[in-house]
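Participant: Below is input_10.cif; it holds mmCIF, C-alpha atoms and all ligand atoms.
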```cif
data_model
#
loop_
_atom_site.label_atom_id
_atom_site.label_comp_id
_atom_site.auth_asym_id
_atom_site.auth_seq_id
_atom_site.Cartn_x
_atom_site.Cartn_y
_atom_site.Cartn_z
CA MET A 1 -14.38 -23.05 -8.43
CA ILE A 2 -12.86 -22.42 -5.00
CA ARG A 3 -9.42 -23.90 -4.65
CA PHE A 4 -8.53 -24.50 -1.05
CA SER A 5 -5.62 -26.14 0.77
CA GLU A 6 -4.46 -26.78 4.31
CA ASN A 7 -1.16 -25.94 5.97
CA ILE A 8 0.23 -24.10 2.95
CA SER A 9 3.54 -22.16 2.78
CA LEU A 10 3.06 -18.39 2.40
CA LYS A 11 6.62 -17.66 1.21
CA SER A 12 5.53 -16.94 -2.36
CA PHE A 13 2.50 -14.93 -1.19
CA ASN A 14 4.41 -12.11 0.55
CA THR A 15 6.95 -9.77 -1.06
CA PHE A 16 9.27 -9.98 1.98
CA GLY A 17 9.62 -13.64 0.98
CA VAL A 18 9.50 -14.86 4.58
CA GLU A 19 8.37 -18.35 5.51
CA ALA A 20 5.09 -18.83 7.40
CA ARG A 21 2.21 -21.24 7.00
CA ALA A 22 -1.56 -20.73 6.80
CA HIS A 23 -3.80 -23.34 8.40
CA TYR A 24 -6.36 -22.88 5.61
CA PHE A 25 -5.84 -21.11 2.29
CA ALA A 26 -8.46 -20.39 -0.37
CA THR A 27 -8.31 -18.49 -3.64
CA VAL A 28 -11.45 -16.44 -4.26
CA SER A 29 -12.31 -15.42 -7.83
CA SER A 30 -15.94 -14.33 -7.47
CA PHE A 31 -18.49 -13.06 -4.97
CA ASP A 32 -20.41 -16.36 -5.24
CA GLU A 33 -17.31 -18.32 -4.27
CA LEU A 34 -16.76 -16.03 -1.30
CA LYS A 35 -20.40 -16.43 -0.18
CA SER A 36 -20.17 -20.21 -0.22
CA LEU A 37 -16.92 -20.10 1.76
CA ILE A 38 -18.43 -17.77 4.37
CA ARG A 39 -21.36 -20.16 4.83
CA ASN A 40 -18.84 -22.74 6.05
CA PHE A 41 -16.99 -20.42 8.44
CA ASP A 42 -17.57 -20.82 12.13
CA PRO A 43 -18.31 -17.19 13.08
CA GLY A 44 -17.29 -17.73 16.70
CA GLU A 45 -14.04 -19.54 15.93
CA ASP A 46 -12.60 -18.78 12.51
CA LYS A 47 -10.09 -16.00 11.93
CA HIS A 48 -9.69 -14.71 8.38
CA LEU A 49 -7.35 -12.46 6.48
CA VAL A 50 -7.83 -11.21 2.92
CA ILE A 51 -4.63 -10.83 0.94
CA GLY A 52 -3.86 -9.46 -2.50
CA GLY A 53 -0.22 -9.31 -3.55
CA GLY A 54 1.11 -9.60 0.02
CA SER A 55 3.20 -6.47 -0.59
CA ASN A 56 2.37 -4.73 2.66
CA LEU A 57 2.47 -7.63 5.12
CA LEU A 58 5.02 -9.13 7.48
CA PHE A 59 4.29 -12.65 8.71
CA THR A 60 6.03 -13.24 12.05
CA ASN A 61 4.02 -16.37 12.89
CA ASP A 62 1.95 -19.01 11.14
CA PHE A 63 -1.57 -17.79 10.37
CA LYS A 64 -4.03 -19.85 12.42
CA GLY A 65 -7.13 -19.34 10.34
CA TRP A 66 -8.39 -18.80 6.80
CA LEU A 67 -6.21 -16.87 4.40
CA LEU A 68 -8.30 -15.66 1.48
CA LYS A 69 -6.25 -14.87 -1.63
CA ASN A 70 -8.13 -12.44 -3.81
CA GLU A 71 -8.34 -13.19 -7.53
CA ILE A 72 -11.52 -11.33 -8.50
CA LYS A 73 -10.93 -9.91 -11.98
CA GLY A 74 -12.64 -7.64 -14.53
CA ILE A 75 -12.57 -4.04 -15.75
CA THR A 76 -15.70 -2.27 -17.04
CA VAL A 77 -16.67 1.29 -17.85
CA ALA A 78 -19.63 2.00 -15.55
CA LYS A 79 -20.43 5.46 -16.94
CA GLU A 80 -18.87 7.89 -19.38
CA THR A 81 -19.42 11.59 -20.13
CA GLU A 82 -17.59 14.13 -22.32
CA GLU A 83 -15.30 14.88 -19.40
CA GLU A 84 -15.15 11.79 -17.20
CA VAL A 85 -15.00 8.01 -17.07
CA PHE A 86 -16.24 5.96 -14.11
CA ILE A 87 -14.32 2.73 -14.28
CA ASN A 88 -15.23 -0.29 -12.18
CA VAL A 89 -12.48 -2.79 -11.49
CA GLY A 90 -12.35 -6.21 -9.85
CA SER A 91 -10.40 -6.04 -6.60
CA GLY A 92 -8.04 -8.89 -7.54
CA GLU A 93 -6.71 -7.05 -10.61
CA ASN A 94 -3.05 -6.09 -10.41
CA TRP A 95 -2.91 -2.37 -9.51
CA SER A 96 0.01 -1.51 -11.77
CA ASP A 97 -1.57 -3.25 -14.80
CA PHE A 98 -4.85 -1.44 -14.11
CA VAL A 99 -3.06 1.93 -13.99
CA ASP A 100 -1.29 1.09 -17.28
CA TYR A 101 -4.67 0.31 -18.84
CA THR A 102 -6.11 3.72 -17.82
CA VAL A 103 -2.95 5.50 -18.95
CA ASP A 104 -3.12 3.77 -22.36
CA GLN A 105 -6.66 5.15 -22.79
CA GLY A 106 -5.32 8.65 -21.97
CA TRP A 107 -7.53 8.88 -18.85
CA GLY A 108 -5.93 10.91 -16.10
CA GLY A 109 -5.82 10.58 -12.34
CA LEU A 110 -3.82 7.46 -11.53
CA GLU A 111 -0.61 8.07 -13.52
CA ASN A 112 1.40 9.19 -10.46
CA LEU A 113 0.50 5.85 -8.81
CA SER A 114 2.12 3.78 -11.56
CA LEU A 115 4.09 0.66 -10.61
CA ILE A 116 2.87 0.40 -6.99
CA PRO A 117 2.80 -3.35 -6.27
CA GLY A 118 -0.33 -5.16 -5.12
CA THR A 119 -3.99 -5.41 -6.01
CA VAL A 120 -6.79 -2.93 -6.66
CA GLY A 121 -8.71 -4.10 -3.55
CA ALA A 122 -5.88 -3.14 -1.21
CA ALA A 123 -5.51 0.36 -2.72
CA PRO A 124 -8.46 1.93 -0.83
CA VAL A 125 -7.77 -0.14 2.29
CA GLN A 126 -4.27 1.36 2.43
CA ASN A 127 -5.20 4.62 0.68
CA ILE A 128 -2.02 4.20 -1.34
CA GLY A 129 -0.13 7.26 -2.42
CA ALA A 130 2.99 8.40 -4.25
CA TYR A 131 4.41 11.47 -6.01
CA GLY A 132 1.91 13.93 -4.58
CA VAL A 133 -1.22 11.83 -5.26
CA GLU A 134 -3.35 9.54 -3.09
CA GLN A 135 -5.90 7.10 -4.45
CA GLU A 136 -8.69 8.89 -2.56
CA MET A 137 -8.38 11.78 -5.08
CA THR A 138 -9.96 9.66 -7.85
CA PHE A 139 -11.83 7.08 -5.73
CA PHE A 140 -15.61 7.07 -6.31
CA ASN A 141 -16.91 4.07 -4.33
CA LEU A 142 -16.34 0.40 -3.56
CA GLU A 143 -18.44 -2.68 -2.97
CA ALA A 144 -17.43 -5.00 -0.15
CA CYS A 145 -18.69 -8.23 1.35
CA ASN A 146 -19.09 -8.59 5.10
CA LEU A 147 -17.06 -11.63 6.13
CA LEU A 148 -19.47 -12.56 8.92
CA THR A 149 -22.83 -12.16 7.18
CA GLY A 150 -21.93 -12.63 3.49
CA LYS A 151 -23.96 -9.47 2.68
CA THR A 152 -22.59 -6.70 0.45
CA SER A 153 -22.48 -2.94 1.05
CA VAL A 154 -21.35 0.02 -1.02
CA PHE A 155 -18.99 2.51 0.66
CA ASN A 156 -18.63 6.02 -0.74
CA LYS A 157 -15.59 8.22 -0.20
CA LEU A 158 -16.84 9.77 3.03
CA GLU A 159 -17.73 6.36 4.48
CA CYS A 160 -14.22 5.05 3.76
CA ASP A 161 -12.82 7.73 6.09
CA PHE A 162 -9.56 8.00 4.13
CA ASP A 163 -6.48 9.39 5.79
CA TYR A 164 -2.72 9.11 5.26
CA ARG A 165 -2.21 5.35 4.45
CA ASN A 166 -5.40 4.69 6.35
CA SER A 167 -9.11 3.99 5.93
CA ILE A 168 -12.04 2.64 7.91
CA PHE A 169 -10.91 -0.86 6.80
CA LYS A 170 -7.75 -0.50 8.91
CA GLY A 171 -9.64 1.20 11.76
CA ALA A 172 -13.16 0.64 13.09
CA GLU A 173 -14.03 -1.97 10.42
CA LYS A 174 -10.67 -3.79 10.45
CA GLY A 175 -10.85 -7.40 9.29
CA LYS A 176 -14.63 -7.32 8.70
CA TRP A 177 -14.80 -6.76 4.92
CA PHE A 178 -13.63 -8.28 1.66
CA VAL A 179 -13.43 -5.50 -0.97
CA LEU A 180 -14.98 -6.94 -4.15
CA ASN A 181 -14.65 -4.09 -6.66
CA VAL A 182 -13.70 -0.42 -6.75
CA THR A 183 -14.89 2.45 -8.98
CA TYR A 184 -12.53 5.27 -9.93
CA ARG A 185 -13.57 8.58 -11.49
CA LEU A 186 -11.00 9.56 -14.11
CA LYS A 187 -10.67 12.64 -16.31
CA LYS A 188 -10.50 12.70 -20.09
CA HIS A 189 -8.76 16.12 -20.04
CA PRO A 190 -6.82 15.85 -16.82
CA LYS A 191 -4.88 18.49 -14.96
CA LEU A 192 -1.57 16.71 -14.37
CA ARG A 193 -0.01 16.82 -10.92
CA LEU A 194 3.67 17.62 -11.24
CA ASP A 195 4.27 19.42 -7.94
CA TYR A 196 6.38 16.58 -6.49
CA LYS A 197 10.01 17.71 -6.87
CA PRO A 198 11.49 14.88 -9.00
CA LEU A 199 8.60 15.23 -11.48
CA LEU A 200 8.83 19.01 -11.48
CA ASP A 201 12.57 18.78 -12.21
CA PHE A 202 12.08 16.24 -14.99
CA PHE A 203 9.44 18.28 -16.83
CA ARG A 204 10.92 21.75 -16.10
CA GLU A 205 11.96 22.34 -19.73
CA THR A 206 8.90 20.67 -21.34
CA PRO A 207 6.05 22.95 -22.49
CA LYS A 208 2.93 22.16 -20.38
CA ASN A 209 0.78 21.25 -23.41
CA LYS A 210 3.33 18.59 -24.46
CA ILE A 211 3.16 16.64 -21.16
CA THR A 212 0.85 13.64 -21.42
CA VAL A 213 -0.60 11.17 -18.91
CA LYS A 214 1.63 8.53 -20.50
CA ALA A 215 4.78 10.67 -20.13
CA VAL A 216 4.06 11.22 -16.43
CA SER A 217 3.45 7.50 -15.88
CA GLU A 218 6.68 6.53 -17.70
CA THR A 219 8.67 9.09 -15.70
CA VAL A 220 7.24 7.86 -12.40
CA LYS A 221 8.27 4.32 -13.40
CA VAL A 222 11.84 5.38 -14.23
CA ILE A 223 12.18 7.24 -10.90
CA ARG A 224 10.68 4.36 -8.90
CA ARG A 225 12.93 1.76 -10.57
CA SER A 226 16.01 3.86 -9.77
CA LYS A 227 15.06 4.31 -6.10
CA LEU A 228 13.26 1.24 -4.81
CA PRO A 229 14.52 -2.35 -4.55
CA ASP A 230 12.64 -4.87 -6.70
CA PRO A 231 10.97 -7.43 -4.37
CA GLU A 232 11.68 -10.14 -6.97
CA LYS A 233 15.40 -9.61 -6.29
CA LEU A 234 15.44 -8.37 -2.68
CA GLY A 235 12.45 -9.11 -0.43
CA ASN A 236 10.78 -5.96 0.94
CA ALA A 237 7.38 -4.34 1.46
CA GLY A 238 8.15 -0.77 0.35
CA SER A 239 8.12 1.87 3.09
CA PHE A 240 8.15 0.01 6.39
CA PHE A 241 7.14 3.04 8.50
CA LYS A 242 4.73 5.92 8.03
CA ASN A 243 6.13 9.45 7.91
CA PRO A 244 5.43 10.82 11.41
CA VAL A 245 3.25 13.89 11.86
CA VAL A 246 4.32 15.93 14.90
CA LEU A 247 3.07 19.07 16.62
CA HIS A 248 4.76 22.26 15.45
CA GLU A 249 6.29 22.82 18.89
CA LYS A 250 7.97 19.38 18.79
CA PHE A 251 9.09 20.01 15.22
CA LEU A 252 10.77 23.31 16.25
CA GLN A 253 12.62 21.56 19.11
CA ILE A 254 14.14 19.01 16.70
CA GLN A 255 14.81 21.64 14.04
CA GLN A 256 16.96 23.60 16.51
CA HIS A 257 19.40 20.67 16.56
CA PHE A 258 18.98 19.70 12.89
CA PRO A 259 18.25 22.82 10.82
CA GLU A 260 18.72 20.79 7.59
CA MET A 261 15.78 18.46 8.46
CA PRO A 262 13.26 18.21 5.58
CA PHE A 263 9.56 18.64 6.46
CA TYR A 264 6.11 19.37 5.04
CA THR A 265 3.81 21.78 6.84
CA MET A 266 0.44 20.15 7.57
CA GLU A 267 -2.94 21.32 8.84
CA TYR A 268 -3.75 21.78 12.57
CA ASP A 269 -0.32 23.24 13.38
CA THR A 270 1.57 20.03 12.61
CA ALA A 271 4.51 19.04 10.40
CA LYS A 272 5.28 15.78 8.60
CA ILE A 273 8.90 14.60 8.79
CA PRO A 274 10.25 11.98 6.36
CA ALA A 275 10.79 8.80 8.41
CA GLY A 276 13.60 7.82 6.00
CA TRP A 277 15.54 10.96 6.98
CA LEU A 278 15.17 10.20 10.72
CA ILE A 279 16.33 6.59 10.21
CA GLU A 280 19.28 7.67 8.08
CA LYS A 281 20.27 10.40 10.57
CA ALA A 282 20.11 7.83 13.38
CA GLY A 283 22.77 5.87 11.45
CA TRP A 284 20.71 2.90 10.23
CA LYS A 285 20.96 3.29 6.44
CA GLY A 286 22.63 0.19 4.98
CA LYS A 287 22.94 -1.54 8.40
CA ARG A 288 22.31 -5.27 8.73
CA MET A 289 21.09 -7.37 11.63
CA GLY A 290 21.68 -10.96 10.52
CA ASN A 291 19.62 -11.66 7.40
CA ALA A 292 17.55 -8.48 7.65
CA GLY A 293 18.73 -4.99 6.82
CA VAL A 294 17.91 -1.34 6.18
CA HIS A 295 18.22 -0.73 2.43
CA GLN A 296 21.43 0.93 1.29
CA GLN A 297 19.78 3.62 -0.86
CA GLN A 298 16.41 4.00 0.82
CA ALA A 299 16.44 3.99 4.65
CA LEU A 300 12.64 3.67 4.86
CA VAL A 301 12.76 0.21 3.28
CA LEU A 302 13.66 -2.88 5.32
CA VAL A 303 14.92 -5.81 3.28
CA ASN A 304 15.29 -9.58 3.51
CA TYR A 305 18.77 -10.60 2.33
CA GLY A 306 17.44 -14.06 1.57
CA LYS A 307 16.89 -16.15 4.64
CA ALA A 308 15.41 -13.69 7.16
CA THR A 309 12.47 -14.80 9.24
CA GLY A 310 9.57 -12.46 9.94
CA LYS A 311 10.73 -12.29 13.56
CA GLU A 312 14.21 -11.12 12.48
CA ILE A 313 12.73 -8.33 10.35
CA LEU A 314 10.42 -7.38 13.23
CA ALA A 315 13.42 -7.26 15.62
CA LEU A 316 15.25 -4.94 13.21
CA SER A 317 12.19 -2.69 12.89
CA GLU A 318 11.91 -2.47 16.69
CA ALA A 319 15.61 -1.63 17.05
CA VAL A 320 15.16 1.19 14.50
CA GLN A 321 12.01 2.43 16.29
CA ASN A 322 13.73 2.44 19.71
CA ASP A 323 16.75 4.30 18.40
CA VAL A 324 14.68 6.96 16.58
CA LEU A 325 12.58 7.40 19.74
CA HIS A 326 15.71 7.77 21.83
CA LYS A 327 17.43 10.22 19.46
CA PHE A 328 14.47 12.35 18.30
CA GLY A 329 11.64 11.60 20.73
CA ILE A 330 9.49 10.41 17.80
CA ALA A 331 7.62 7.07 17.82
CA LEU A 332 7.65 5.60 14.30
CA GLU A 333 4.50 3.71 13.37
CA PRO A 334 4.73 0.74 10.95
CA GLU A 335 2.90 1.13 7.62
CA VAL A 336 3.25 -2.62 7.06
CA LEU A 337 0.69 -4.94 8.66
CA ILE A 338 2.54 -7.15 11.15
CA LEU A 339 0.92 -10.54 11.68
C1 LIG B 1 8.59 -2.17 -3.69
C2 LIG B 1 7.33 -1.64 -3.05
C3 LIG B 1 6.97 -0.32 -3.26
C4 LIG B 1 5.81 0.20 -2.67
N1 LIG B 1 5.47 1.51 -2.92
C5 LIG B 1 4.35 2.03 -2.38
C6 LIG B 1 3.98 3.39 -2.64
O1 LIG B 1 4.65 4.10 -3.37
N2 LIG B 1 2.85 3.86 -2.05
C7 LIG B 1 2.07 3.09 -1.25
O2 LIG B 1 1.05 3.59 -0.75
N3 LIG B 1 2.38 1.79 -1.00
C8 LIG B 1 3.50 1.25 -1.54
N4 LIG B 1 3.84 -0.06 -1.29
C9 LIG B 1 2.98 -0.89 -0.40
C10 LIG B 1 1.95 -1.77 -1.18
O3 LIG B 1 2.26 -1.82 -2.53
C11 LIG B 1 0.53 -1.24 -1.00
O4 LIG B 1 0.19 -1.14 0.36
C12 LIG B 1 -0.50 -2.12 -1.73
O5 LIG B 1 -1.76 -1.49 -1.73
C13 LIG B 1 -0.64 -3.50 -1.10
O6 LIG B 1 -1.43 -4.28 -1.96
P1 LIG B 1 -1.54 -5.84 -1.77
O7 LIG B 1 -2.57 -6.34 -2.70
O8 LIG B 1 -0.18 -6.44 -1.90
O9 LIG B 1 -2.06 -5.93 -0.26
P2 LIG B 1 -1.67 -7.00 0.84
O10 LIG B 1 -0.25 -6.73 1.28
O11 LIG B 1 -2.01 -8.36 0.40
O12 LIG B 1 -2.66 -6.55 2.02
C14 LIG B 1 -2.48 -5.29 2.63
C15 LIG B 1 -3.69 -5.02 3.54
O13 LIG B 1 -4.86 -4.83 2.76
C16 LIG B 1 -5.85 -5.79 3.13
N5 LIG B 1 -6.51 -6.21 1.89
C17 LIG B 1 -5.91 -6.58 0.72
N6 LIG B 1 -6.86 -6.83 -0.21
C18 LIG B 1 -8.06 -6.66 0.39
C19 LIG B 1 -9.41 -6.78 -0.06
N7 LIG B 1 -9.75 -7.16 -1.30
N8 LIG B 1 -10.40 -6.52 0.85
C20 LIG B 1 -10.11 -6.15 2.11
N9 LIG B 1 -8.86 -6.01 2.58
C21 LIG B 1 -7.84 -6.25 1.71
C22 LIG B 1 -5.09 -6.92 3.79
O14 LIG B 1 -5.92 -7.65 4.68
C23 LIG B 1 -4.01 -6.14 4.51
O15 LIG B 1 -4.53 -5.56 5.69
C24 LIG B 1 4.99 -0.62 -1.86
C25 LIG B 1 5.35 -1.98 -1.66
C26 LIG B 1 6.50 -2.48 -2.26
C27 LIG B 1 6.86 -3.92 -2.05
#
```
With the file now loaded, output its structure as structure tokens.

Facilitator:
Amino acid sequence: MIRFSENISLKSFNTFGVEARAHYFATVSSFDELKSLIRNFDPGEDKHLVIGGGSNLLFTNDFKGWLLKNEIKGITVAKETEEEVFINVGSGENWSDFVDYTVDQGWGGLENLSLIPGTVGAAPVQNIGAYGVEQEMTFFNLEACNLLTGKTSVFNKLECDFDYRNSIFKGAEKGKWFVLNVTYRLKKHPKLRLDYKPLLDFFRETPKNKITVKAVSETVKVIRRSKLPDPEKLGNAGSFFKNPVVLHEKFLQIQQHFPEMPFYTMEYDTAKIPAGWLIEKAGWKGKRMGNAGVHQQQALVLVNYGKATGKEILALSEAVQNDVLHKFGIALEPEVLIL
């Protein structure tokens, strides 16, 4: 049954823990519930936003429309062969719990993405990634409901147009779809991805045939817990900015002044520079502006020291952006959705 309320506080529905209110708020736990809600929307008037765990959002204002909190559950094996498992999962499942489930079965592909907060439905929208792996590497397809028509469509990998923390659902089709379920294609005898330096260092002495999917997942969890603030204790939304990709020429200009600058060479004569390094070098690591701050250990993470408003966190993010632009000539782009 649809539960819906008016003028509800969103403080407990975003990991920054900022106060904002939604005019209308509904929890959706099935496609049928969503369809009946859509029938009552005014297509010309109503604004809607689907949320999962609220771990990549910053509310700077009240939301004047329908906030749809996704609670669609269920995990089923859609197809299985000697080598592979196609697993279909309800978009409201907790991502980290889902990854643990696949790891417990010994199925490989998602272990590097352990402990990322949020829901399964947001994973393809954001094309989440960590420790050398992006969800698109194991994504098979997804089913989504059009929020205007109530009709469903299946999107394959190509149609999702995945890119770095990006997909068609953040671009051309932004705000039009509610992802209902996602299918991942996992391996029963996986080739583990250990090329990311902290993982490589951890497993350097371990014989390759002794490294399991579970061991990789546990190691990723230990590293993440040591590096990232827990939103339960200190409000945050993970990396606030994307790592900028710059033309090689621009990269060389900056490198002349900062030969120690880390980078990853990318295709089309470009280089990716860690945004956290730029922010730290600009002197922002650990700085506070009122109730908002740049995390002391991880400069890419902005935090709420308890009473920050969304506007305060936005002001801090803009101050960081302006300073990085001034010092390096690089425009940082937020990864977090600012509302
Ligand atoms: C401590 C911390 C660490 C993090 N680490 C990482 C990391 O390592 N890698 C990484 O990539 N991200 C990371 N993140 C960001 C975040 O976990 C991901 O972006 C995650 O996918 C967000 O999931 P969510 O359910 O909370 O989405 P929300 O924040 O609720 O929504 C995010 C966006 O997805 C849309 N959306 C959500 N669900 C649906 C749906 N069912 N259908 C259509 N649209 C939908 C929303 O409208 C919004 O645009 C981190 C965040 C935190 C707080």

Participant: So the first atom is atom CA of Lys285 of chain A and the second is atom CA of Gly238 of chain A; what is the distance between them in Å, to one decimal place?

Facilitator: 14.8 Å

Participant: Need to verify the contact set: Val294 of chain A, 9 Å, all atoms listed in the file, exclusion of same-chain residues closer than 5 positions in sequence. Can you return it as a tab-separated table (two decimals) with C-alpha atoms, in the coordinates of the input?

Facilitator:
```tsv
chain	number	residue	atom	x	y	z
A	284	TRP	CA	20.71	2.90	10.23
A	285	LYS	CA	20.96	3.29	6.44
A	286	GLY	CA	22.63	0.19	4.98
A	287	LYS	CA	22.94	-1.54	8.40
A	288	ARG	CA	22.31	-5.27	8.73
A	289	MET	CA	21.09	-7.37	11.63
A	299	ALA	CA	16.44	3.99	4.65
A	300	LEU	CA	12.64	3.67	4.86
A	301	VAL	CA	12.76	0.21	3.28
A	302	LEU	CA	13.66	-2.88	5.32
A	303	VAL	CA	14.92	-5.81	3.28
A	316	LEU	CA	15.25	-4.94	13.21
A	317	SER	CA	12.19	-2.69	12.89
```

Participant: Produce a table with one row for each residue of chain A that has an atom at most 8 Å from any atom of ligand LIG 1 (chain B), each row naming the nearest atom pair and its distance in Å at one decimal; use all atoms listed in the file; arrange rows by chain and rising residue number; format as CSV.

Facilitator:
```
residue,atom,partner,partner_atom,distance
A:Asn14,CA,B:LIG1,O10,7.2
A:Thr15,CA,B:LIG1,C27,5.9
A:Phe16,CA,B:LIG1,C27,7.7
A:Leu49,CA,B:LIG1,O14,5.3
A:Val50,CA,B:LIG1,O14,4.4
A:Ile51,CA,B:LIG1,O11,3.6
A:Gly52,CA,B:LIG1,O7,3.4
A:Gly53,CA,B:LIG1,O8,3.3
A:Gly54,CA,B:LIG1,O11,3.4
A:Ser55,CA,B:LIG1,O8,3.6
A:Asn56,CA,B:LIG1,O10,3.6
A:Leu57,CA,B:LIG1,O10,4.8
A:Asn70,CA,B:LIG1,N7,6.1
A:Ser91,CA,B:LIG1,N7,5.5
A:Gly92,CA,B:LIG1,N7,6.7
A:Asn94,CA,B:LIG1,O7,7.7
A:Trp95,CA,B:LIG1,O7,7.9
A:Leu113,CA,B:LIG1,O1,7.1
A:Leu115,CA,B:LIG1,N1,7.9
A:Ile116,CA,B:LIG1,N1,5.0
A:Pro117,CA,B:LIG1,O3,4.1
A:Gly118,CA,B:LIG1,O6,3.5
A:Thr119,CA,B:LIG1,O7,3.7
A:Val120,CA,B:LIG1,O7,6.7
A:Gly121,CA,B:LIG1,N7,3.9
A:Ala122,CA,B:LIG1,C17,3.9
A:Ala123,CA,B:LIG1,O5,4.3
A:Pro124,CA,B:LIG1,O5,7.6
A:Val125,CA,B:LIG1,O13,5.5
A:Gln126,CA,B:LIG1,O4,5.5
A:Asn127,CA,B:LIG1,O2,6.5
A:Ile128,CA,B:LIG1,O2,3.2
A:Gly129,CA,B:LIG1,O2,4.2
A:Ala130,CA,B:LIG1,O1,4.7
A:Tyr131,CA,B:LIG1,O1,7.8
A:Glu134,CA,B:LIG1,O2,7.8
A:Ala144,CA,B:LIG1,N8,7.3
A:Arg165,CA,B:LIG1,O2,6.4
A:Phe169,CA,B:LIG1,N9,7.0
A:Lys170,CA,B:LIG1,O15,6.8
A:Lys174,CA,B:LIG1,O15,8.0
A:Gly175,CA,B:LIG1,O14,6.8
A:Trp177,CA,B:LIG1,C20,5.5
A:Phe178,CA,B:LIG1,N8,3.8
A:Val179,CA,B:LIG1,N8,3.7
A:Leu180,CA,B:LIG1,N7,6.0
A:Asn181,CA,B:LIG1,N7,7.9
A:Leu228,CA,B:LIG1,C1,5.9
A:Pro229,CA,B:LIG1,C1,6.0
A:Asp230,CA,B:LIG1,C1,5.7
A:Pro231,CA,B:LIG1,C1,5.8
A:Gly235,CA,B:LIG1,C27,7.8
A:Asn236,CA,B:LIG1,C27,5.3
A:Ala237,CA,B:LIG1,C27,3.6
A:Gly238,CA,B:LIG1,C26,3.5
A:Ser239,CA,B:LIG1,C24,6.4
A:Val336,CA,B:LIG1,O4,7.5
A:Leu337,CA,B:LIG1,O15,6.0
```

Participant: Find the residues near Gly150 of chain A: any atom within 7 Å, counting all atoms listed in the file, skip ones fewer than 5 places away on the same chain, and give them as a PyMOL selection string.

Facilitator: chain A and resi 35+38+145

Participant: Work out how far atom CA of Lys47 of chain A is from atom CA of Thr183 of chain A, in Å to one decimal.

Facilitator: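 Value for the atom CA of Thr183 of chain A-atom CA of Lys47 of chain A distance: 28.3 Å.
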
Participant: Using only C-alpha atoms for the distances, tell me which of A:Lys242, A:Arg204, A:His257, A:Lys210 is nearest to Ile279 of chain A.

Facilitator: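 Closest to Ile279 of chain A, using only C-alpha atoms: A:Lys242.
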
Participant: Check the smallest atom-to-atom distance from each of A:Phe41, A:Ser217, A:Leu332, A:Gly17 to Pro274 of chain A using all atoms listed in the file, then report the winner.

Facilitator: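 That would be A:Leu332, the residue with the smallest distance to Pro274 of chain A.
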
Participant: If we count all atoms listed in the file, what is near Asn40 of chain A at a cut-off of 12 Å, once residues fewer than 6 positions away on the same chain are taken out, given as a list in words?

Facilitator: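 Final neighbour list, sorted by chain and number: Glu33, Leu34, Asp46, Trp66, Leu147, Leu148, Thr149 and Gly150 of chain A.
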
Participant: Ranking A:Leu278, A:Lys11, A:Glu335, A:Leu234 by minimum distance to Asn166 of chain A and counting all atoms listed in the file, which one comes first?

Facilitator: A:Glu335

Participant: What is the distance between atom CA of Lys250 of chain A and atom CA of Thr265 of chain A, in Å to one decimal?

Facilitator: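 Answer for the atom CA of Lys250 of chain A to atom CA of Thr265 of chain A separation: 12.9 Å.
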
Participant: Check the smallest atom-to-atom distance from each of A:Ala319, A:Leu58, A:Val213, A:Ala20 to Leu192 of chain A using all atoms listed in the file, then report the winner.

Facilitator: A:Val213

Participant: Out of A:Gly290, A:Gly74, A:Gly306, A:Pro334, which residue has the shortest atom-to-atom distance to Ile87 of chain A when counting only C-alpha atoms?

Facilitator: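 Looking only at the distances to Ile87 of chain A, the closest residue turns out to be A:Gly74.
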
Participant: With distances taken over all atoms listed in the file, which residue among A:Gly65, A:Gly132, A:Gly90, A:Gly329 lies nearest Val246 of chain A?

Facilitator: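 When distances to Val246 of chain A are compared using all atoms listed in the file, the smallest one comes from A:Gly329.
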
Participant: Using only C-alpha atoms, give me every residue within 12 Å of (-4.2, -0.9, -17.1) in file coordinates, as a ChimeraX atom specification.

Facilitator: /A:74-76,87,89,93-108,110-111,113-115,119-120,214,217

Participant: Around segment 139-156 of chain A, with edges along x, y and z and 4 Å added on all six sides, what centre and edge lengths do you get, in Å to one decimal, as JSON?

Facilitator:
```
{"center_x": -17.9, "center_y": -2.8, "center_z": 1.3, "size_x": 20.1, "size_y": 27.7, "size_z": 23.2}
```

Participant: Neighbouring residues of Ser5 of chain A were defined as those with any atom within 10 Å, considering all atoms listed in the file; residues of the same chain fewer than 3 positions away were excluded. Please report them as JSON, numbers by chain.

Facilitator: {"A": [2, 8, 22, 23, 24, 25, 26, 27, 66, 67]}

Participant: Write out N, CA and C atoms for segment 167-171 of chain A, as a CSV table (one decimal), in the coordinates of the input.

Facilitator:
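What landed in out-v3.csv:
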```csv
chain,number,residue,atom,x,y,z
A,167,SER,N,-7.7,4.0,6.3
A,167,SER,CA,-9.1,4.0,5.9
A,167,SER,C,-9.9,3.3,7.0
A,168,ILE,N,-11.2,3.3,6.9
A,168,ILE,CA,-12.0,2.6,7.9
A,168,ILE,C,-11.7,1.1,8.0
A,169,PHE,N,-11.2,0.6,6.9
A,169,PHE,CA,-10.9,-0.9,6.8
A,169,PHE,C,-9.6,-1.3,7.6
A,170,LYS,N,-8.9,-0.2,8.0
A,170,LYS,CA,-7.8,-0.5,8.9
A,170,LYS,C,-8.1,0.0,10.3
A,171,GLY,N,-9.2,0.7,10.5
A,171,GLY,CA,-9.6,1.2,11.8
A,171,GLY,C,-10.8,0.5,12.3
```
